[in-house]
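Participant: Quick one: the structure is below, questions incoming.
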Amino acid sequence: MSRQLSYGLAINEAMHQLMERDESVFLTGQGVISPWYVGNTTQGLFDRFGPQRIVDTPVSELCITGAAVGAALAGMRPVVIHPRMDFMLLAVDQVVNQAANWHYMSGGRTKVPVTVRGIVNRGGEQAAQHSQSFHALYAHVPGLKVVMPATPHDAKGLLISAVLDDNPVVYIDDRWLYEETADVPEDFYEVELGKARVAREGKDVTIVATSWLSAQALIAAQGLADEGIEAEVIDLRTLKPLDSQAILESVAKTGRLVVADGGWRTCGYAAEVIAGVATEAHDSLRAAPVRVTLPDVPAPMSKTLEAVFYRRAEHIADGVRAVLGLGRAGSREETDGFAAPGTEVSYAMREAVK
Amino acid sequence: MSRQLSYGLAINEAMHQLMERDESVFLTGQGVISPWYVGNTTQGLFDRFGPQRIVDTPVSELCITGAAVGAALAGMRPVVIHPRMDFMLLAVDQVVNQAANWHYMSGGRTKVPVTVRGIVNRGGEQAAQHSQSFHALYAHVPGLKVVMPATPHDAKGLLISAVLDDNPVVYIDDRWLYEETADVPEDFYEVELGKARVAREGKDVTIVATSWLSAQALIAAQGLADEGIEAEVIDLRTLKPLDSQAILESVAKTGRLVVADGGWRTCGYAAEVIAGVATEAHDSLRAAPVRVTLPDVPAPMSKTLEAVFYRRAEHIADGVRAVLGLGRAGSREETDGFAAPGTEVSYAMREAVK
Amino acid sequence: MKSSVGDARDLPEETLLGLYRVMQLIRRAEEVIADLLEAGEIKCPTHLYIGQEAVAAGVCAALRADDIVFGTHRSHGHYLAKGGDLDGMMAELLGKETGCARGRGGSMHLVAPEVGILGTSPIVAGSLPLAVGTAWASLLRGDGKVSAVFFGDGAVEEGVYHECLNFASLKKLPVVFVCENNFYSSHLILSERQPVDNIHETAGVHDLPGFRIDGNDVVQVFDTAKEAVDRARAGLGPTLIEARTYRWRGHVGPNWDLDKDIRTEQEVRSWMEKDPIKRARESLLGSGVSETDLRQIDYEIEDEITRSVEFARSSPYPDATALADFVLVP
Amino acid sequence: MKSSVGDARDLPEETLLGLYRVMQLIRRAEEVIADLLEAGEIKCPTHLYIGQEAVAAGVCAALRADDIVFGTHRSHGHYLAKGGDLDGMMAELLGKETGCARGRGGSMHLVAPEVGILGTSPIVAGSLPLAVGTAWASLLRGDGKVSAVFFGDGAVEEGVYHECLNFASLKKLPVVFVCENNFYSSHLILSERQPVDNIHETAGVHDLPGFRIDGNDVVQVFDTAKEAVDRARAGLGPTLIEARTYRWRGHVGPNWDLDKDIRTEQEVRSWMEKDPIKRARESLLGSGVSETDLRQIDYEIEDEITRSVEFARSSPYPDATALADFVLVP
Ligand SMILES: Cc1ncc(C[n+]2csc(CCOP(=O)(O)OP(=O)(O)O)c2C)c(N)n1
Ligand SMILES: Cc1ncc(C[n+]2csc(CCOP(=O)(O)OP(=O)(O)O)c2C)c(N)n1
Ligand SMILES: [Mg+2]
Ligand SMILES: [Mg+2]
């Protein structure tokens, strides 16, 4: 268990091991033989498995994704990569209308074991069309599973589980995590879909986080420990099906909830977690939960705007202080994002309850 | 004010009045000259305004929607119809990547006054690919406004406001409402975007509802009144920007919240409303809020399955009883939808808090 | 347009008889379905194929039992021609648990994996990529299967159509693209949607063969499909077939769309004169098959249909408690 | 391929001088941008156009000031050729408030409505429908404007490309589709993505004229574009131009993509020999323009660029408190 591997190479190792074990696995999508398009996550695959099983493609997201769905219907286990989730919108019909529904609307007589891998690639002044994360969209759709690994260990194990699962799985990895390095077993292992990970135990507050913000939540929790606050950090790993039990157990203990998610605020994944807890465990909540999300603003370009757009450990820590009633004035605004035109939730809501 | 008009014809009248007043308005999309495709909502337009301004199209959602966006960039005010929201998924790139972002990423130097009208057309054993409502998807995206009129009055007024607004607006109407008939002023009027409507006042519980379920909520409220329960019904009308003030004021009064929305449960619009109230008005809530939504299941075909799939007045009434602690055993499960594979929120959550 | 092979000169008599049988089954089943629609017994959106039977019959006769087929919103014909079970289809249209999709899909989602029908979808052009994908799977596995996908003249207006032709051609995938050009997409005639009537020519720019054929001539359809299927199976890649035909009934439901200022009665009549079944029947009679033999076939078909309707009617509806079955594979 | 008009026989000298000036401005501005990228002063994803200058210059010279242009991720050339302000572009690349998109867009989102540049988008093929839409607006208003949209050889693989050609042709919209075929989409050469190298032929199936031209011959580009623009303005509908050219630098950033086993140095060198600017320069010298005159132009360009970099550097960044400006029009 002491082998260290980066997140990017953990994805890569999962692909190598899947493909060597199972002839029905193949890899397609734009950039699978590119030196830069998908980081190091596909390195060595083409040389090892050849042009039949590692298929770079024309710029035709809808056809290629649908073809992967079709191949899955025929019994293969394709993995189709979208080097940015932004481009994957062109394939949304095949994911949402077709892949998600096919098993249901055939009365269970067909199945679609496809893995659609969408990469979140943002920051670096890439601006509005090269920064987006649409995990909430896919989590909304019945018939899909959605995973977002936060660690090298889970990047490997969840990819293996996704490919071996008989359902369409949207696997979302984040370029900001590619260099994260940690213990990754060398063997072929699965991480169960639908099981969250308690990344840190604590009694004062529950931080539920997704993907890169799970790592940031741990950093926040360490800092908060110095202030005497013991935060429990739950890294969701799977967004759908959601491990609500893990969340509720934790909230039952702490009574306080902060949800940190890298998507936009309105109708984002954080809303789902808070709504779930509010409807199912209202009585456990000792204070208003807080969401730490992107503001409802397209990704900006300039670094001065990026600096205030993305959420990090400090915003999570502010959120925790706020939920514990320790916030300085204004901290709540920050952690909640703010009311961009188009939401105005937080300001207006605060006004109204004054 | 005593002229009666159906919802479908109210939409139609809005188009007539917009087009006669403003040369920059034109109408496109599949079915705009069809006798059946879009109900009666486009009748008479072709004869009156001709083939230049009423343009039926090839089956090319992405190009046509993008062309409407382009025409808007050039200063027109196009309305582009998608006769089903299911098909509109093929155009999601132009709505989400392009229309929503263009104003922002040009630093405000361009604007996109396009109206994208998506019709919800479900029931009648149409099954999974001809039944979906993706309003939560669009509400998630900054740069878009989203409206869902529930009455003939608002169907007309919101369409006029949408077309006159300088932003891209997703206008979603529901075929189940087309025959609803009520007072519709004959003059040209707007309904302000971002303002909810208190459809009924009440002190015991707040029902926040969207579109067709707003009408159902009123029916439920009438029935509940006989049981001595006075429900306040808020018809959201605009989903984005959300009129959170209206919601919070009502919840501050009633302390109890039921949200009824015709989308799926997980990451649906109901989650946003509940999360907003939970984070901003936790202390006003005297009981766990309840969401009345579709279960996380694709739309089925057979009538026996449709009968238990869609939510109606009775489910809202059950939700109200539950939030008031009057629920018979099991009613909660029904109003909450239930944990379909892929969510398992409610069961698991209930387990965990036992 | 390929030279006509409307006379069955190269075709064994059994084959043409088989084609006749399939076409007649489709026609009669759909006429009964039209009645059930009018009676309100069938409620789901139902798109009738009457008039186009030769395309499904001809193409599917050129396929092996284990070859794969995808269809559209208008796929009763494809389902039956590929060997889908009539009972399962009738029950599906009535929304019964015994339906081919267990009452979850209806007319627009017919499925019969046991005979290679992996499904049909009413998202226009939505199943083209799926067929490209099953063909891709066949290439990877070397299983020798061919995939065929049926679609309409409207589907070529979806960009994904070209994406599919490009990719299939690039990778030489064993897939046959069958465009049934019935000149209408819903209420719109072709000329209101495409600048020229040249669908078969779209193949050329993607470097695959494209044939324009008389879709009401079942033998020509069969011959062309055979050539395409052989090519695909031999590893030579995809083929496009544009079969020109006509749907007699309206776009959806049992009506004729004659009251709606969309098309003329004269146009409908002229196509009814080109009835593919009548032509096959005449050809068979001409080649010595007796009227009695054909009547026998017709009689069997009536019987089969009657029994299927009975089966469908007497089958149970899905149990409401099973709503969430099949959302995910457990 | 159209017959070469590489000699400027029909072109007034001022026009060719103007084309030279624009190409040289693009070239030198981008070389400076490459330096700024290497120095880390520009951080946003930046796709250099060096080698393709003749296409932007030739097409935009055929357009009126109020005609409309859309571009891609690789649009510095389009922006400058259409008359976009250099200061605004440099400042945008540095993420400054004075940038043409106020530091909200960066290199991939150049915009200059005052000269008809309604925007550029790095969603491959994403701006094609937009140009179809602005052309549609022109048709409806009768404003006589023509829209031109630049895109790469990768964009024709997006289905929406065909949707756009079909619709523009059907409605005879005043739009010019300019495909800059530089033979690569990111790391993939054309032959790995398309079965044949025949982009100009895709026009034919949609019933519009398609020209294949030497994209490194600015006069040929100008002539062809002029013909297309005239056609469009006369109400005769769209034209497709496939301009064959080459980008010298790598797909993104200042490098050459030579270390990456994607293309050979020899290939790059052979295209550098076909340098469009050198060709224009030689043609001008041959027609009697003096070396001194050209040097004077070059000098002015250097000066303009130096001042723009200075302007960009000394400009302020957007204020962090303004993050949510421009999400919605108030
Ligand atoms: C993506 C999509 N857009 C629009 C529709 C609406 N629609 C249903 S059937 C149909 C006509 C399609 O015409 P064609 O492909 O020629 O098939 P036909 O009905 O003639 O068999 C249309 C446009 C749809 N189902 N899917
Ligand atoms: C929809 C979409 N898919 C994929 C990409 C990734 N991508 C960025 S540039 C590019 C290459 C496009 O090639 P081409 O159109 O030939 O333009 P060039 O870069 O050669 O100018 C690709 C595939 C994208 N930006 N958008
Ligand atoms: Mg048709
Ligand atoms: Mg290129």
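Residue numbering restarts at 1 for every chain of the structure tokens, chains are lettered A, B, ... in their displayed order, and ligands are numbered from 1 as they appear.
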Show me which residues are within 6 Å of ligand 2 counting only C-alpha atoms and all ligand atoms, and format the list as a list of chain:residue names.
Facilitator: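 The distance check yields A:Val59, A:Phe87, D:Arg74, D:Pro122, D:Ile123, D:Val124, D:Phe151, D:Gly152, D:Asp153, D:Gly154, D:Ala155, D:Asn182, D:Tyr184, D:Ser185, D:Ser186, D:His251.
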Participant: Would you mind listing what lies within 8 Å of Val69 in chain C as a PyMOL selection string, with only C-alpha atoms counted and same-chain residues fewer than 4 positions away left out?
Facilitator: chain C and resi 78+82+116-119+131+147-150
Participant: Please dump the current selection as an mmCIF file, in the first residue's frame; keep N, CA, C and O atoms.
Facilitator:
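Writing the result to out15.cif gives the following:
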data_model
loop_
_atom_site.group_PDB
_atom_site.id
_atom_site.type_symbol
_atom_site.label_atom_id
_atom_site.label_comp_id
_atom_site.auth_asym_id
_atom_site.auth_seq_id
_atom_site.Cartn_x
_atom_site.Cartn_y
_atom_site.Cartn_z
ATOM 1 N N HIS C 78 -39.978 -2.112 -39.348
ATOM 2 C CA HIS C 78 -38.616 -2.607 -39.131
ATOM 3 C C HIS C 78 -38.618 -3.755 -38.127
ATOM 4 O O HIS C 78 -37.918 -4.758 -38.284
ATOM 5 N N LYS C 82 -37.660 -7.596 -39.205
ATOM 6 C CA LYS C 82 -36.448 -8.223 -38.645
ATOM 7 C C LYS C 82 -36.793 -9.448 -37.815
ATOM 8 O O LYS C 82 -35.906 -10.157 -37.346
ATOM 9 N N GLY C 116 -31.969 -9.124 -32.794
ATOM 10 C CA GLY C 116 -31.050 -8.073 -33.224
ATOM 11 C C GLY C 116 -31.608 -6.673 -33.233
ATOM 12 O O GLY C 116 -30.923 -5.735 -33.637
ATOM 13 N N ILE C 117 -32.859 -6.507 -32.796
ATOM 14 C CA ILE C 117 -33.414 -5.145 -32.734
ATOM 15 C C ILE C 117 -33.050 -4.551 -31.384
ATOM 16 O O ILE C 117 -33.696 -4.812 -30.375
ATOM 17 N N LEU C 118 -31.998 -3.749 -31.389
ATOM 18 C CA LEU C 118 -31.536 -3.207 -30.109
ATOM 19 C C LEU C 118 -32.331 -1.991 -29.688
ATOM 20 O O LEU C 118 -32.149 -1.485 -28.594
ATOM 21 N N GLY C 119 -33.203 -1.530 -30.566
ATOM 22 C CA GLY C 119 -34.097 -0.478 -30.136
ATOM 23 C C GLY C 119 -34.455 0.493 -31.235
ATOM 24 O O GLY C 119 -33.863 0.497 -32.315
ATOM 25 N N ALA C 131 -26.105 2.884 -34.113
ATOM 26 C CA ALA C 131 -25.780 1.861 -35.106
ATOM 27 C C ALA C 131 -24.307 1.923 -35.503
ATOM 28 O O ALA C 131 -23.665 0.889 -35.721
ATOM 29 N N SER C 147 -24.638 -3.902 -38.940
ATOM 30 C CA SER C 147 -25.689 -3.087 -38.337
ATOM 31 C C SER C 147 -26.395 -2.287 -39.421
ATOM 32 O O SER C 147 -25.753 -1.778 -40.338
ATOM 33 N N ALA C 148 -27.702 -2.197 -39.308
ATOM 34 C CA ALA C 148 -28.461 -1.363 -40.244
ATOM 35 C C ALA C 148 -29.287 -0.374 -39.433
ATOM 36 O O ALA C 148 -29.828 -0.724 -38.380
ATOM 37 N N VAL C 149 -29.368 0.837 -39.946
ATOM 38 C CA VAL C 149 -30.182 1.821 -39.249
ATOM 39 C C VAL C 149 -31.120 2.488 -40.246
ATOM 40 O O VAL C 149 -30.709 2.911 -41.318
ATOM 41 N N PHE C 150 -32.383 2.523 -39.872
ATOM 42 C CA PHE C 150 -33.413 3.172 -40.682
ATOM 43 C C PHE C 150 -33.636 4.589 -40.160
ATOM 44 O O PHE C 150 -33.630 4.816 -38.950
#
Participant: Could you tell me how far CA of Ala182 in chain B sits from CA of Pro152 in chain B, in Å to one decimal place?
Facilitator: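 Answer for the CA of Pro152 in chain B to CA of Ala182 in chain B separation: 6.2 Å.
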Participant: For ligand 1, list the contacting residues at 9 Å or closer, counting only C-alpha atoms and all ligand atoms, as a count of residues only.
Facilitator: 54
Participant: What lies within 9 Å of Val196 in chain D using only C-alpha atoms, ignoring chain neighbours under 3 positions off, as a PyMOL selection string?
Facilitator: (chain C and resi 170+205-207) or (chain D and resi 190-191+193+199)
Participant: Could you write out that same residue set with N, CA and C atoms as a JSON list (two decimals), in the first residue's frame?
Facilitator:
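File result_36.json, as written:
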[["chain", "number", "residue", "atom", "x", "y", "z"],
["C", 170, "LEU", "N", -14.62, 6.69, -42.35],
["C", 170, "LEU", "CA", -13.22, 6.76, -41.91],
["C", 170, "LEU", "C", -12.74, 5.43, -41.34],
["C", 205, "VAL", "N", -19.54, 12.77, -50.55],
["C", 205, "VAL", "CA", -18.58, 13.65, -49.89],
["C", 205, "VAL", "C", -17.93, 12.96, -48.69],
["C", 206, "HIS", "N", -18.56, 11.92, -48.19],
["C", 206, "HIS", "CA", -17.94, 11.18, -47.09],
["C", 206, "HIS", "C", -17.30, 9.89, -47.59],
["C", 207, "ASP", "N", -17.17, 9.78, -48.89],
["C", 207, "ASP", "CA", -16.43, 8.69, -49.51],
["C", 207, "ASP", "C", -17.05, 7.32, -49.24],
["D", 190, "LEU", "N", -5.50, 15.77, -40.94],
["D", 190, "LEU", "CA", -6.80, 15.59, -41.60],
["D", 190, "LEU", "C", -7.13, 14.13, -41.91],
["D", 191, "SER", "N", -6.16, 13.41, -42.40],
["D", 191, "SER", "CA", -6.43, 12.03, -42.85],
["D", 191, "SER", "C", -6.81, 11.10, -41.69],
["D", 193, "ARG", "N", -8.98, 12.03, -39.57],
["D", 193, "ARG", "CA", -10.30, 12.51, -39.14],
["D", 193, "ARG", "C", -11.35, 12.48, -40.23],
["D", 199, "ILE", "N", -12.95, 19.12, -48.58],
["D", 199, "ILE", "CA", -13.89, 20.00, -47.88],
["D", 199, "ILE", "C", -14.71, 20.86, -48.84]]
Participant: With 8 Å as the limit and counting only C-alpha atoms, what residues in chain B lie close to chain C? Please list them as an MDAnalysis selection string.
Facilitator: chainID B and resid 31 34:35 57:61 87 124:129 297:298 300:305 307:309 340:342
Participant: Using DSSP on the backbone, list every residue of range 38-224 of chain C that comes out as alpha helix (DSSP H), and give them as JSON, numbers by chain.
Facilitator: {"C": [38, 53, 54, 55, 56, 57, 58, 59, 60, 61, 76, 77, 78, 79, 80, 81, 86, 87, 88, 89, 90, 91, 92, 93, 128, 129, 130, 131, 132, 133, 134, 135, 136, 137, 138, 139, 140, 141, 159, 160, 161, 162, 163, 164, 165, 166, 167, 168, 169, 170, 202, 203, 204, 205, 218, 219, 220, 221, 222, 223, 224]}
Participant: List every residue of range 36-236 of chain C that DSSP, applied to the backbone, labels as strand (DSSP E or B), and write the result as a PyMOL selection string.
Facilitator: chain C and resi 68-71+112+117-120+147-152+175-181+184-185+188-189+210-214
Participant: Near Val273 in chain A, counting only C-alpha atoms, which residues have an atom at most 9 Å away, once you skip same-chain residues fewer than 2 positions from it, shown as a VMD selection string?
Facilitator: (chain A and resid 208 242 244 247 259 269 to 271 275 to 278) or (chain B and resid 267 271 275)
Participant: May I have the selected residues written with N, CA and C atoms, as a PDB file, in the first residue's frame?
Facilitator:
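Here's the written file again_29.pdb:
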ATOM      1  N   VAL A 208     -19.560  18.752   3.718  1.00  0.00           N
ATOM      2  CA  VAL A 208     -19.762  17.821   2.604  1.00  0.00           C
ATOM      3  C   VAL A 208     -19.159  18.474   1.359  1.00  0.00           C
ATOM      4  N   LEU A 242     -26.498   9.224  -4.400  1.00  0.00           N
ATOM      5  CA  LEU A 242     -25.920   9.957  -3.277  1.00  0.00           C
ATOM      6  C   LEU A 242     -25.926   9.095  -2.011  1.00  0.00           C
ATOM      7  N   SER A 244     -26.641   9.371   1.100  1.00  0.00           N
ATOM      8  CA  SER A 244     -27.278  10.287   2.051  1.00  0.00           C
ATOM      9  C   SER A 244     -27.095   9.805   3.487  1.00  0.00           C
ATOM     10  N   ILE A 247     -24.102  11.312   5.084  1.00  0.00           N
ATOM     11  CA  ILE A 247     -24.321  12.724   5.412  1.00  0.00           C
ATOM     12  C   ILE A 247     -25.180  12.857   6.664  1.00  0.00           C
ATOM     13  N   VAL A 259     -21.733  22.868   2.785  1.00  0.00           N
ATOM     14  CA  VAL A 259     -21.581  22.081   1.551  1.00  0.00           C
ATOM     15  C   VAL A 259     -20.706  22.857   0.573  1.00  0.00           C
ATOM     16  N   TYR A 269     -25.225  21.308  -7.261  1.00  0.00           N
ATOM     17  CA  TYR A 269     -25.268  20.095  -6.450  1.00  0.00           C
ATOM     18  C   TYR A 269     -25.385  20.419  -4.957  1.00  0.00           C
ATOM     19  N   ALA A 270     -24.806  21.537  -4.544  1.00  0.00           N
ATOM     20  CA  ALA A 270     -24.894  21.899  -3.125  1.00  0.00           C
ATOM     21  C   ALA A 270     -26.348  22.073  -2.698  1.00  0.00           C
ATOM     22  N   ALA A 271     -27.170  22.582  -3.605  1.00  0.00           N
ATOM     23  CA  ALA A 271     -28.593  22.745  -3.286  1.00  0.00           C
ATOM     24  C   ALA A 271     -29.223  21.391  -2.981  1.00  0.00           C
ATOM     25  N   ALA A 275     -30.964  20.528   0.469  1.00  0.00           N
ATOM     26  CA  ALA A 275     -32.398  20.205   0.434  1.00  0.00           C
ATOM     27  C   ALA A 275     -32.647  18.829   1.033  1.00  0.00           C
ATOM     28  N   GLY A 276     -31.771  17.883   0.731  1.00  0.00           N
ATOM     29  CA  GLY A 276     -31.928  16.530   1.284  1.00  0.00           C
ATOM     30  C   GLY A 276     -31.872  16.552   2.801  1.00  0.00           C
ATOM     31  N   VAL A 277     -30.911  17.246   3.337  1.00  0.00           N
ATOM     32  CA  VAL A 277     -30.778  17.302   4.796  1.00  0.00           C
ATOM     33  C   VAL A 277     -31.940  18.093   5.399  1.00  0.00           C
ATOM     34  N   ALA A 278     -32.301  19.187   4.760  1.00  0.00           N
ATOM     35  CA  ALA A 278     -33.395  20.006   5.301  1.00  0.00           C
ATOM     36  C   ALA A 278     -34.702  19.227   5.344  1.00  0.00           C
TER      37      ALA A 278
ATOM     38  N   CYS B 267     -31.357  17.313  -7.685  1.00  0.00           N
ATOM     39  CA  CYS B 267     -30.854  18.508  -8.371  1.00  0.00           C
ATOM     40  C   CYS B 267     -31.935  19.202  -9.186  1.00  0.00           C
ATOM     41  N   ALA B 271     -35.158  21.552  -5.136  1.00  0.00           N
ATOM     42  CA  ALA B 271     -33.987  21.539  -4.250  1.00  0.00           C
ATOM     43  C   ALA B 271     -33.460  22.955  -4.055  1.00  0.00           C
ATOM     44  N   ALA B 275     -33.161  24.694  -0.516  1.00  0.00           N
ATOM     45  CA  ALA B 275     -31.818  25.066  -0.062  1.00  0.00           C
ATOM     46  C   ALA B 275     -31.750  26.558   0.237  1.00  0.00           C
TER      47      ALA B 275
END
Participant: If we count only C-alpha atoms, what is near Met19 in chain A at a cut-off of 12 Å, once residues fewer than 5 positions away on the same chain are taken out, given as a list in words?
Facilitator: Asn12, Glu13, Ala14, Ser24, Val25, Phe26, Leu27, Thr42, Gly44, Leu45, Phe46, Arg48, Phe49, Gly50, Arg53, Ile54, Met76, Arg77, Pro78, Val79, Ile160, Val163, Leu164 and Phe188 of chain A
Participant: For range 286-294 of chain D, list every protein, DNA or RNA residue within 9 Å, evaluated using only C-alpha atoms, and leave out those in the same chain fewer than 4 positions away; present the list as a PyMOL selection string.
Facilitator: chain D and resi 8+13+17+20-21+281-282+298-299
